[in-house]
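Presented below is the structure to which this report refers.
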Amino acid sequence: MEIKTKYRKVLVYILTIVFSSIFLFAANKYIMRDFSIFTVAEDSGSAKAAVLNITDRHEYKTNYYADGEYVEGIEISFNCRILDGEHENEIVRAVQKIDSFDNIKYKEVETGDKVILYNVGGGDSKNIVWDFAEYIRTDNIILLGIVFLILLILFGGIKGVNTIVSLLFTCLAVFFVFIPSVLSGHNIYVWSIITCLFTIVMTLLIVNGANKKSIAAMSGCFIGVLIAGVLTIFMSRVLMLTGMVNEEAVYITMIDSSKPIDLKAIIFAAIIIGAMGAVMDVAMSVSSSLYELYRKANVKSVKSLIGSGFSIGRDIMGTMANTLVLAYIGSSLSTVLLLVTYNTSYTELFNREMVIVEILQSLVGSMGILAAIPLTSVICGVFYVKVGKK
């Protein structure tokens with residue numbers, strides 16, 4: 001019996017991986033039929049480069065007069081080797097300019113730095129002028145990501161490996177299915193719901209397998225996310241939201257004037273995808289805790305399990321609601337500081353759509369959690385005891 005259970009778990013795991021891969025591939029192909037992204041990447045004139053040596057550094061002062069002061073700056077010339085593109089392995093000269101007129105204070109380039117250059121000239125490689133654009137930061141962030149994955153495996157064991165696999169599929173669902181679906185003009189409401197449903201089922205099956213805990217958590221999570229979605233649509237109408245919450249929203253409307261992106265649908269997607277993670281976490285925590293009580297503490301009463309679920313949920317609820325609020329505030333802290341500085345009163349501040357949407361995200365996400373806790377508890381109580389007996 002134990003061997004059969006083990007084989008069943010392995011089979012479910014493999015089937016989940018296979019069907020998830022098929023879904024992502026098929027969905028991406030369907031969405032990208034008449035659409036492509038990064039179409040201008042090859043002609044953008046940018047290239048990665050490694051700094052070989054600094055050839056010159058001098059300070060300058062321009063004739064431009066701004067706010068009562070002349071603009072002063074530093075111009076650094078350096079040789080570097082191109083790392084990609086049509087000029088790969090060529091040694092070129094590039095320039096970095098840092099002046100007081102620019103609010104971004106970049107670090108001066110040094111030998112060994114990896115940078116992104118922009119081609120501001122044309123013609124053959126001898127006439128091309130290369131300007132410093134940005135430091136390459138992906139190398140270091142990838143290194144930190146590898147450390148995170150190693151720690152995840154060391155502490156989580158096989159669960160850690162499963163978490164990595166589910167995280168990979170989640171990122172693929174967002175970046176290869178959902179985002180292309182938005183940019184290609186598909187229904188954002190439909191594809192955000194599809195992305196959430198896929199992520200919930202895939203994550204719980206890969207991390208925990210097809211068992212009572214996963215099924216109960218899925219049920220509670222589905223209902224919690226559904227409630228969050230319905231509340232978002234209702235409150236969007238009540239609050240008369242336009243979706244024009246920041247400067248980026250203006251640029252989104254300019255992507256394709258013939259088929260403008262629905263900004264209110266973007267708000268809907270942002271809220272339910274953001275709430276999904278927290279709701280899934282709560283639903284799984286309640287489901288797992290009640291299963292352990294049923295299996296090891298010998299709690300066989302439906303009423304007792306539901307009561308325990310409510311108690312456990314109350315403890316989770318406070319910290320998780322705080323987590324949502326702090327996450328949203330932290331992600332837009334610069335904007336909050338700017339709004340507080342340039343608004344004349346708290347009434348004006350808290351009625352701005354940008355602030356209202358942040359508050360709406362926190363409230364709707366928290367209400368999704370509040371709904372998921374009792375529903376998951378009831379489902380677990382009935383499912384574990386009634387179905388367990390059968």
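Simple scheme: letters A, B, ... for chains in structure tokens order, numbers from 1 for residues in each chain, numbers from 1 for ligands in the order shown.
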Self-check item: helix (DSSP H, G or I) positions in segment 44-279 of chain A, given as a ChimeraX atom specification
Solution: /A:138-156,158-183,188-208,212-238,247-253,263-279
Practice problem: For Ser21 of chain A, list every protein, DNA or RNA residue within 10 Å, evaluated using only C-alpha atoms, and leave out those in the same chain fewer than 4 positions away; present the list as a ChimeraX atom specification. | Solution: /A:15-17,25-27,169,172-173
Mind writing the picked residues with N, CA and C atoms as a tab-separated table (two decimals), in the first residue's frame?
```tsv
chain	number	residue	atom	x	y	z
A	15	LEU	N	2.95	14.08	-14.02
A	15	LEU	CA	1.83	14.55	-14.84
A	15	LEU	C	1.62	16.05	-14.69
A	16	THR	N	1.80	16.56	-13.48
A	16	THR	CA	1.66	18.01	-13.25
A	16	THR	C	2.72	18.78	-14.03
A	17	ILE	N	3.96	18.29	-14.00
A	17	ILE	CA	5.05	18.92	-14.75
A	17	ILE	C	4.74	18.90	-16.25
A	25	PHE	N	3.26	26.18	-23.04
A	25	PHE	CA	3.69	26.22	-24.45
A	25	PHE	C	2.50	26.55	-25.35
A	26	ALA	N	1.38	25.85	-25.15
A	26	ALA	CA	0.20	26.06	-26.00
A	26	ALA	C	-0.37	27.47	-25.82
A	27	ALA	N	-0.44	27.93	-24.56
A	27	ALA	CA	-0.98	29.27	-24.30
A	27	ALA	C	-0.11	30.34	-24.91
A	169	PHE	N	7.64	27.66	-12.84
A	169	PHE	CA	6.41	27.62	-13.64
A	169	PHE	C	5.57	28.89	-13.42
A	172	LEU	N	7.12	31.63	-15.46
A	172	LEU	CA	6.82	31.39	-16.87
A	172	LEU	C	5.38	31.77	-17.19
A	173	ALA	N	4.46	31.45	-16.28
A	173	ALA	CA	3.05	31.78	-16.50
A	173	ALA	C	2.84	33.28	-16.57
```
Practice problem: Quick one: everything within 7 Å of Asn53 of chain A, counting only C-alpha atoms, minus sequence neighbours fewer than 4 positions away in the same chain. Send it as a list in words. | Solution: Phe78, Asn79 and Thr111 of chain A
Quiz item: Skipping near chain neighbours, those fewer than 5 positions away, what residues fall within 10 Å of Ile223 of chain A using only C-alpha atoms, listed as a list in words?
Solution: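 These residues fall inside the cut-off: Met218, Ala228, Gly229, Val279, Gly368, Ile369, Ala371, Ala372, Leu375 and Thr376 of chain A.
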Self-check item: Residue contacts of Glu88 of chain A (9 Å, only C-alpha atoms) excluding same-chain residues fewer than 4 positions away, as JSON, numbers by chain
Solution: {"A": [47, 48, 49, 81, 82, 83, 84]}
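Each of A:Thr242, A:Asn187, A:Ser192, A:Ser287 was checked against Asn208 of chain A using only C-alpha atoms; the smallest atom-to-atom distance is that of A:Ser287.
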Exercise. Excluding Ala283 of chain A and residues on its chain fewer than 5 positions from it, collect all residues at most 6 Å away from it, counting only C-alpha atoms, and give them as a ChimeraX atom specification.
Key: /A:217,220-221
Any chance you could export the current selection's N, CA and C atoms as a PDB file, in the first residue's frame?
```pdb
ATOM      1  N   ALA A 217      -6.985  23.104   0.446  1.00  0.00           N
ATOM      2  CA  ALA A 217      -6.354  24.421   0.269  1.00  0.00           C
ATOM      3  C   ALA A 217      -6.758  25.049  -1.059  1.00  0.00           C
ATOM      4  N   GLY A 220     -10.378  26.471  -0.745  1.00  0.00           N
ATOM      5  CA  GLY A 220     -10.404  27.729   0.013  1.00  0.00           C
ATOM      6  C   GLY A 220      -9.752  28.862  -0.750  1.00  0.00           C
ATOM      7  N   CYS A 221      -8.669  28.541  -1.467  1.00  0.00           N
ATOM      8  CA  CYS A 221      -7.944  29.567  -2.217  1.00  0.00           C
ATOM      9  C   CYS A 221      -8.772  30.063  -3.402  1.00  0.00           C
TER      10      CYS A 221
END
```
Exercise. Do a neighbour search on Trp130 of chain A at 12 Å with only C-alpha atoms, toss out local chain neighbours closer than 6 positions, and write the hits as a PyMOL selection string.
Key: chain A and resi 45-49+77-82+87+91-97+115-122
Self-check item: Computed interatomic separation between atom CA of Ile206 of chain A and atom CA of Phe19 of chain A (Å)
Solution: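 Rounded to one decimal, the two atoms are 11.7 Å apart.
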Quiz item: With distances taken over only C-alpha atoms, which of A:Val190, A:Ile373, A:Val336, A:Ala327 is nearest to Ile306 of chain A?
Solution: A:Ile373
Practice problem: Take atom CA of Ser362 of chain A and atom CA of Leu324 of chain A and report the distance between them in Å, one decimal. | Solution: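 We find that atom CA of Ser362 of chain A and atom CA of Leu324 of chain A lie 5.8 Å from each other.
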Quiz item: Restricting the calculation to only C-alpha atoms, which member of A:Ser288, A:Leu337, A:Gly209, A:Ser311 is positioned closest to Lys6 of chain A?
Solution: A:Gly209
Quiz item: For Lys212 of chain A, which residue out of A:Val129, A:Ile255, A:Leu363, A:Met284 is the nearest one, using only C-alpha atoms?
Solution: A:Met284
